[in-house]
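Containing mmCIF, C-alpha atoms and all ligand atoms: coords_28.cif.
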data_upload
#
loop_
_atom_site.label_atom_id
_atom_site.label_comp_id
_atom_site.auth_asym_id
_atom_site.auth_seq_id
_atom_site.Cartn_x
_atom_site.Cartn_y
_atom_site.Cartn_z
CA MET A 1 12.37 16.32 -10.64
CA LEU A 2 11.20 12.91 -9.61
CA ALA A 3 9.05 12.59 -6.55
CA LYS A 4 10.79 10.58 -3.89
CA PRO A 5 9.70 6.94 -3.78
CA PRO A 6 8.04 5.98 -0.51
CA GLN A 7 10.24 4.44 2.16
CA LEU A 8 9.28 1.87 4.74
CA LYS A 9 9.00 3.36 8.21
CA MET A 10 8.99 0.64 10.83
CA PRO A 11 6.62 1.48 13.69
CA GLY A 12 8.40 2.55 16.87
CA LYS A 13 8.71 0.22 19.82
CA THR A 14 6.10 0.54 22.53
CA PRO A 15 6.48 -0.10 26.27
CA ILE A 16 5.51 -3.54 27.57
CA ARG A 17 2.64 -3.30 30.03
CA GLY A 18 2.35 -6.44 32.14
CA VAL A 19 3.30 -10.05 31.63
CA GLY A 20 -0.09 -10.92 30.23
CA SER A 21 0.01 -8.50 27.36
CA TRP A 22 3.63 -9.37 26.64
CA ALA A 23 2.78 -13.06 26.42
CA ARG A 24 -0.31 -12.36 24.36
CA SER A 25 1.61 -10.27 21.86
CA ARG A 26 4.14 -13.05 21.28
CA SER A 27 1.65 -15.82 20.70
CA PHE A 28 -1.18 -14.87 18.41
CA TRP A 29 -3.22 -17.86 17.45
CA ILE A 30 -4.88 -17.18 14.19
CA LEU A 31 -8.14 -18.45 12.85
CA ASN A 32 -8.13 -18.05 9.11
CA TYR A 33 -11.43 -17.27 7.57
CA PHE A 34 -10.65 -16.74 3.97
CA THR A 35 -13.52 -15.60 1.88
CA GLY A 36 -11.89 -14.28 -1.26
CA CYS A 37 -8.91 -14.11 -3.54
CA CYS A 38 -6.64 -12.32 -1.03
CA PHE A 39 -6.09 -15.69 0.60
CA ILE A 40 -3.54 -16.58 -2.05
CA GLU A 41 -1.18 -13.84 -0.91
CA ALA A 42 -1.39 -14.82 2.75
CA VAL A 43 -0.45 -18.43 2.08
CA PRO A 44 3.34 -17.84 1.70
CA TRP A 45 3.48 -17.03 5.41
CA VAL A 46 2.90 -20.68 6.18
CA GLY A 47 5.92 -21.77 4.18
CA SER A 48 9.53 -21.54 5.21
CA GLY A 49 10.27 -18.46 3.13
CA TYR A 50 8.23 -16.18 5.36
CA ASP A 51 7.73 -18.59 8.26
CA MET A 52 4.99 -17.21 10.48
CA GLU A 53 5.85 -19.42 13.44
CA ARG A 54 8.95 -17.38 14.26
CA PHE A 55 6.58 -14.58 15.30
CA GLY A 56 4.63 -17.00 17.47
CA LEU A 57 1.72 -17.16 15.08
CA LEU A 58 -0.03 -20.50 15.06
CA VAL A 59 -3.06 -21.59 13.14
CA ALA A 60 -5.84 -22.35 15.58
CA ASP A 61 -8.25 -25.19 15.01
CA THR A 62 -11.37 -23.74 16.53
CA PRO A 63 -12.61 -20.24 17.28
CA ARG A 64 -12.37 -21.02 20.98
CA HIS A 65 -8.61 -21.31 20.78
CA ALA A 66 -8.06 -18.29 18.59
CA ASP A 67 -6.94 -14.76 19.43
CA VAL A 68 -6.99 -13.33 15.95
CA LEU A 69 -9.55 -13.73 13.22
CA MET A 70 -8.08 -13.13 9.81
CA ILE A 71 -10.56 -12.23 7.13
CA GLY A 72 -9.17 -12.45 3.63
CA GLY A 73 -11.13 -10.88 0.87
CA TYR A 74 -14.62 -9.86 0.08
CA VAL A 75 -17.40 -10.56 2.53
CA THR A 76 -20.88 -11.24 1.32
CA PHE A 77 -23.92 -10.93 3.53
CA LYS A 78 -24.16 -14.70 3.70
CA THR A 79 -20.58 -15.11 4.96
CA LEU A 80 -21.03 -12.16 7.29
CA LYS A 81 -23.47 -14.19 9.39
CA ARG A 82 -20.81 -16.89 9.80
CA ILE A 83 -18.12 -14.35 10.61
CA ILE A 84 -20.22 -12.84 13.36
CA ARG A 85 -20.95 -16.31 14.70
CA ILE A 86 -17.25 -17.17 14.74
CA TYR A 87 -16.43 -13.85 16.34
CA GLN A 88 -18.93 -14.44 19.11
CA GLN A 89 -17.35 -17.80 19.90
CA MET A 90 -13.85 -16.41 20.32
CA PRO A 91 -12.63 -15.68 23.85
CA LYS A 92 -11.67 -12.16 24.81
CA PRO A 93 -9.42 -10.35 24.02
CA LYS A 94 -9.94 -10.89 20.35
CA TYR A 95 -8.60 -9.12 17.33
CA ILE A 96 -9.53 -8.99 13.69
CA ILE A 97 -7.27 -8.46 10.71
CA ALA A 98 -8.86 -7.74 7.35
CA LEU A 99 -6.96 -8.33 4.16
CA GLY A 100 -7.53 -6.40 0.99
CA ASN A 101 -9.67 -3.55 -0.19
CA CYS A 102 -12.93 -5.43 -0.34
CA PRO A 103 -13.69 -5.42 3.40
CA MET A 104 -12.65 -1.77 3.59
CA THR A 105 -14.65 -0.12 0.86
CA GLY A 106 -15.94 -2.84 -1.39
CA GLY A 107 -12.87 -2.50 -3.59
CA THR A 108 -13.52 -3.79 -7.07
CA TYR A 109 -17.00 -4.83 -6.01
CA TRP A 110 -18.06 -1.34 -5.00
CA ASP A 111 -21.28 -1.61 -6.99
CA SER A 112 -22.06 -5.22 -6.19
CA TYR A 113 -25.45 -5.94 -4.70
CA ASN A 114 -24.19 -8.50 -2.25
CA THR A 115 -20.76 -7.43 -0.99
CA VAL A 116 -20.37 -5.85 2.41
CA LYS A 117 -18.91 -2.44 1.63
CA CYS A 118 -17.66 -1.48 5.03
CA LEU A 119 -16.95 -4.41 7.30
CA ASP A 120 -16.43 -2.36 10.44
CA ASP A 121 -20.07 -1.42 10.40
CA TYR A 122 -20.66 -4.96 11.59
CA ILE A 123 -17.59 -6.19 13.45
CA PRO A 124 -14.63 -4.24 14.86
CA VAL A 125 -11.62 -4.66 12.59
CA ASP A 126 -8.30 -3.81 14.23
CA ILE A 127 -5.86 -3.87 11.36
CA TRP A 128 -6.51 -3.18 7.71
CA ILE A 129 -4.10 -4.28 5.03
CA ALA A 130 -4.67 -2.42 1.77
CA GLY A 131 -3.99 -3.86 -1.64
CA CYS A 132 -5.83 -5.94 -4.17
CA PRO A 133 -4.46 -8.38 -3.24
CA PRO A 134 -1.81 -7.15 -0.79
CA ARG A 135 1.61 -8.70 -1.18
CA PRO A 136 2.80 -11.03 1.60
CA GLU A 137 5.17 -8.38 3.02
CA PRO A 138 2.51 -6.02 4.42
CA ILE A 139 1.17 -8.91 6.48
CA GLY A 140 4.53 -8.95 8.25
CA LEU A 141 4.23 -5.23 8.88
CA ALA A 142 0.74 -5.80 10.23
CA VAL A 143 2.12 -8.41 12.62
CA VAL A 144 4.76 -5.96 13.83
CA GLU A 145 2.11 -3.31 14.39
CA ALA A 146 -0.12 -5.79 16.19
CA VAL A 147 2.71 -6.92 18.47
CA ASN A 148 3.51 -3.28 19.27
CA ALA A 149 -0.08 -2.44 20.06
CA VAL A 150 -0.92 -5.52 22.09
CA GLN A 151 2.21 -5.46 24.24
CA SER A 152 1.28 -1.96 25.39
CA GLY A 153 -2.10 -3.17 26.54
CA TYR A 154 -4.38 -2.86 23.51
CA LEU A 155 -7.42 -5.06 24.00
CA GLY A 156 -9.20 -4.65 20.71
CA LYS A 157 -12.00 -2.36 19.72
CA THR A 158 -15.38 -2.65 21.30
CA TRP A 159 -18.04 -4.37 19.36
CA ARG A 160 -21.04 -2.31 18.46
CA THR A 161 -23.79 -4.27 16.79
CA LYS A 162 -25.54 -1.12 15.73
CA ARG A 163 -24.35 0.40 12.52
CA ARG A 164 -22.32 3.47 13.08
CA ILE A 165 -24.65 5.86 11.40
CA GLU A 166 -22.49 8.93 11.67
CA GLU A 167 -19.55 7.17 10.05
CA LYS A 168 -21.81 5.79 7.38
CA THR A 169 -23.13 9.15 6.35
CA ASN A 170 -19.88 10.92 5.57
CA LYS A 171 -18.36 8.15 3.48
CA TYR A 172 -19.10 5.75 0.68
CA MET B 173 5.54 -32.66 -22.72
CA ILE B 174 6.20 -29.10 -21.58
CA TYR B 175 4.02 -29.70 -18.53
CA VAL B 176 6.07 -32.72 -17.52
CA LYS B 177 9.21 -30.65 -17.95
CA THR B 178 8.02 -27.80 -15.71
CA ASP B 179 6.78 -30.34 -13.17
CA VAL B 180 10.15 -32.03 -13.03
CA GLU B 181 11.88 -28.67 -12.74
CA GLY B 182 9.72 -27.88 -9.75
CA TYR B 183 10.58 -31.16 -8.05
CA VAL B 184 14.27 -30.64 -8.69
CA LYS B 185 14.05 -27.14 -7.18
CA THR B 186 12.28 -28.50 -4.12
CA ALA B 187 14.87 -31.23 -3.69
CA GLU B 188 17.66 -28.68 -4.01
CA ASN B 189 16.12 -26.53 -1.30
CA LEU B 190 15.73 -29.59 0.92
CA PHE B 191 19.44 -30.26 0.97
CA LYS B 192 20.69 -26.71 0.54
CA ALA B 193 22.90 -25.48 3.32
CA GLY B 194 21.91 -22.25 5.02
CA ARG B 195 18.54 -20.68 5.64
CA ILE B 196 15.79 -19.91 3.19
CA THR B 197 13.74 -17.73 5.52
CA TYR B 198 13.84 -14.02 4.74
CA ASN B 199 14.49 -11.51 7.45
CA PHE B 200 11.65 -9.10 7.79
CA PRO B 201 11.48 -6.74 5.96
CA PRO B 202 14.72 -5.81 4.16
CA GLU B 203 15.30 -9.08 2.40
CA THR B 204 11.88 -9.79 1.05
CA PRO B 205 12.07 -10.29 -2.68
CA ILE B 206 10.00 -7.55 -4.28
CA THR B 207 10.58 -7.26 -7.99
CA GLU B 208 10.79 -3.92 -9.74
CA LYS B 209 7.67 -4.80 -11.69
CA ALA B 210 5.50 -5.24 -8.62
CA ARG B 211 2.79 -2.64 -8.41
CA GLY B 212 2.68 -0.66 -5.22
CA ARG B 213 1.98 2.90 -4.24
CA HIS B 214 1.94 5.52 -6.99
CA ILE B 215 4.09 8.56 -7.23
CA LEU B 216 2.95 11.71 -8.92
CA ILE B 217 5.37 13.95 -10.65
CA PHE B 218 3.84 17.32 -9.95
CA GLU B 219 5.64 19.24 -12.67
CA ALA B 220 4.52 16.83 -15.39
CA CYS B 221 0.88 16.57 -14.36
CA LYS B 222 -1.31 18.94 -16.35
CA SER B 223 -4.48 18.37 -14.33
CA CYS B 224 -6.42 16.85 -17.21
CA GLY B 225 -8.37 14.46 -15.03
CA LEU B 226 -8.12 11.51 -17.40
CA CYS B 227 -6.81 9.26 -14.63
CA ALA B 228 -9.80 10.04 -12.43
CA GLU B 229 -12.15 9.28 -15.27
CA ILE B 230 -10.73 5.91 -16.24
CA CYS B 231 -10.27 4.48 -12.76
CA PRO B 232 -12.64 1.49 -12.52
CA ASN B 233 -12.80 1.66 -8.73
CA MET B 234 -13.30 5.42 -8.58
CA ALA B 235 -10.27 5.64 -6.36
CA ILE B 236 -8.95 8.87 -7.83
CA GLN B 237 -10.29 12.22 -6.86
CA MET B 238 -9.09 15.50 -8.27
CA VAL B 239 -8.33 17.74 -5.33
CA GLU B 240 -7.22 21.34 -5.20
CA ARG B 241 -3.67 21.90 -4.02
CA GLU B 242 -1.64 25.02 -3.70
CA ILE B 243 1.66 25.11 -5.52
CA ASP B 244 3.66 28.33 -5.61
CA GLY B 245 0.59 30.34 -4.70
CA LYS B 246 -1.48 28.89 -7.54
CA LYS B 247 -4.37 26.53 -7.01
CA VAL B 248 -4.25 23.48 -9.25
CA LEU B 249 -6.15 20.22 -9.43
CA LYS B 250 -4.09 17.13 -8.74
CA PRO B 251 -5.16 13.51 -8.46
CA GLN B 252 -5.40 11.98 -5.03
CA ILE B 253 -5.60 8.22 -4.70
CA ASP B 254 -7.61 6.39 -2.12
CA TYR B 255 -5.71 3.19 -1.41
CA ALA B 256 -8.70 1.68 0.29
CA LYS B 257 -10.20 1.44 -3.19
CA CYS B 258 -7.32 1.21 -5.66
CA CYS B 259 -6.81 -2.26 -7.12
CA PHE B 260 -3.48 -1.47 -8.81
CA CYS B 261 -4.81 -2.20 -12.27
CA GLY B 262 -2.49 0.39 -13.80
CA LEU B 263 -5.05 2.02 -16.09
CA CYS B 264 -4.34 5.46 -14.68
CA VAL B 265 -0.62 4.98 -15.25
CA ASP B 266 -1.22 3.87 -18.82
CA ILE B 267 -3.58 6.67 -19.77
CA CYS B 268 -1.63 9.56 -18.28
CA PRO B 269 -0.51 11.60 -21.34
CA ARG B 270 2.57 13.00 -19.61
CA GLY B 271 3.63 9.95 -17.64
CA ALA B 272 3.12 11.88 -14.42
CA LEU B 273 1.58 9.01 -12.46
CA ARG B 274 3.88 6.07 -11.94
CA PHE B 275 4.01 2.94 -9.90
CA THR B 276 6.63 2.24 -7.31
CA CYS B 277 7.12 -1.26 -5.94
CA PHE B 278 6.19 -0.19 -2.41
CA PRO B 279 3.51 -2.54 -1.06
CA MET B 280 3.34 -1.63 2.64
CA LEU B 281 -0.12 -0.20 3.16
CA VAL B 282 -1.15 -1.16 6.67
CA THR B 283 -3.35 0.88 8.97
CA MET B 284 -4.66 0.34 12.47
CA ASP B 285 -7.55 2.76 12.25
CA LYS B 286 -8.76 3.71 8.86
CA ASN B 287 -10.56 6.79 10.17
CA ASN B 288 -7.52 8.15 11.96
CA LEU B 289 -5.20 7.58 9.06
CA ASN B 290 -7.82 9.06 6.80
CA ILE B 291 -7.15 6.92 3.79
CA HIS B 292 -10.04 8.51 2.01
CA LEU B 293 -9.05 12.12 1.91
CA LYS B 294 -5.37 12.38 2.80
CA CYS B 295 -3.07 12.68 -0.17
CA TRP B 296 -0.74 9.74 -0.12
CA LEU B 297 1.21 10.89 -3.11
CA ASN B 298 4.55 12.49 -2.48
CA LEU B 299 4.58 16.22 -2.64
CA PRO B 300 7.75 17.99 -3.73
CA ASN B 301 9.67 19.60 -0.83
S1 LIG A 401 -9.24 -6.99 -2.41
FE1 LIG A 401 -8.92 -7.74 -4.50
S2 LIG A 401 -7.80 -9.68 -4.23
FE2 LIG A 401 -8.73 -9.17 -2.24
S3 LIG A 401 -10.72 -10.21 -2.21
FE3 LIG A 401 -11.07 -8.14 -3.00
S4 LIG A 401 -10.96 -8.36 -5.25
FE4 LIG A 401 -10.01 -10.21 -4.35
S1 LIG A 402 -4.25 1.64 -10.47
FE1 LIG A 402 -6.35 1.29 -11.27
S2 LIG A 402 -7.65 1.28 -9.43
FE2 LIG A 402 -5.70 2.18 -8.80
S3 LIG A 402 -6.00 4.39 -9.00
FE3 LIG A 402 -5.12 3.67 -10.96
S4 LIG A 402 -6.88 3.23 -12.29
FE4 LIG A 402 -7.66 3.38 -10.17
S1 LIG A 403 -3.84 11.72 -16.27
FE1 LIG A 403 -1.74 12.34 -15.69
S2 LIG A 403 -1.63 14.49 -16.33
FE2 LIG A 403 -3.83 13.97 -16.27
S3 LIG A 403 -4.49 14.55 -14.18
FE3 LIG A 403 -3.91 12.37 -14.11
S4 LIG A 403 -1.75 12.40 -13.47
FE4 LIG A 403 -2.23 14.48 -14.14
#

The structure in this file should be written as structure tokens.
Amino acid sequence: MLAKPPQLKMPGKTPIRGVGSWARSRSFWILNYFTGCCFIEAVPWVGSGYDMERFGLLVADTPRHADVLMIGGYVTFKTLKRIIRIYQQMPKPKYIIALGNCPMTGGTYWDSYNTVKCLDDYIPVDIWIAGCPPRPEPIGLAVVEAVNAVQSGYLGKTWRTKRRIEEKTNKY
Amino acid sequence: MIYVKTDVEGYVKTAENLFKAGRITYNFPPETPITEKARGRHILIFEACKSCGLCAEICPNMAIQMVEREIDGKKVLKPQIDYAKCCFCGLCVDICPRGALRFTCFPMLVTMDKNNLNIHLKCWLNLPN
């Protein structure tokens, strides 16, 4: 007997709380900070095949105009300083999307001396997209999830500069 | 010469799309063109797996853990894949002596909170019934 192949479950619709959160959820301005190879799979969203502007996503020029910081790929300790600097410059509410396995667990670079193994020890990541690299489609699903969360009043996770020791100890 | 040929083919394709009637944008998600060969989430065929642990040993990212599961009252070891680590290299699929681990072309692996969804320890493979 074959196991059933996984099916896509679209996330359920959430109630809209306030005009502000509704407007925010329909107009994410994205600052792309692409650090690794996952970038290549996010690029099709700019073209007309996937067309990110129909979701209200625009590419922002500076961190001060951006709502969402998109981190694509592995983060080294040198780039981490820049990411934190960019993140501090963004106005609230701000969200972070991380692409790929590398920011999550180190991915293929799990034994590298210089890769950040768990990015949310340093900055609060709201949405994780798994894959190495993820295909362009999950980015669409991430946008749907983000729209659902933000329109019901989600303001992003709080930023804790301290490492979360208790999370660190039971994983990785 | 072959490079010139592929270049020209590309330009012709672009020009065709420029003047093609109708839309080229895909609706999300049903229309997105995922080929059968794309590597996505695994499935595990429980009956075929003989708990040898070869897949866990070969995995370069150490994404596979052999966990104990209860099937028909018996406790058996079955692989569990951590998709926060798996890079879809396909080594585990290739080495499996019974062909129990297989790829599907399902790419949607998105989580809001990786602790809540428990990517690390929850079995994402499909259990029978
Ligand atoms: S997850 Fe894979 S594709 Fe993405 S940056 Fe890491 S190694 Fe590259
Ligand atoms: S596809 Fe590769 S990385 Fe993923 S579980 Fe199998 S061996 Fe490990
Ligand atoms: S290699 Fe195949 S048979 Fe052996 S434990 Fe892994 S899935 Fe089961």

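Using only C-alpha atoms and all ligand atoms, the smallest distance between any of B:Gln237, B:Thr197, B:Thr283, B:Ser223 and ligand LIG 402 (chain A) comes from B:Gln237.
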
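Interatomic distance, CA of Gln7 in chain A against CA of Ser27 in chain A: 28.8 Å.
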
At most 8 Å from ligand LIG 403 (chain A) (all atoms listed in the file): residue list as a count of residues only: 25

Interatomic distance, atom S4 of ligand LIG 401 (chain A) to CA of Ala210 in chain B (Å, one decimal): 17.1 Å

Computed interatomic separation between CA of Arg241 in chain B and CA of Phe278 in chain B (Å):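 Atom-to-atom, CA of Arg241 in chain B and CA of Phe278 in chain B are spaced 24.2 Å apart.
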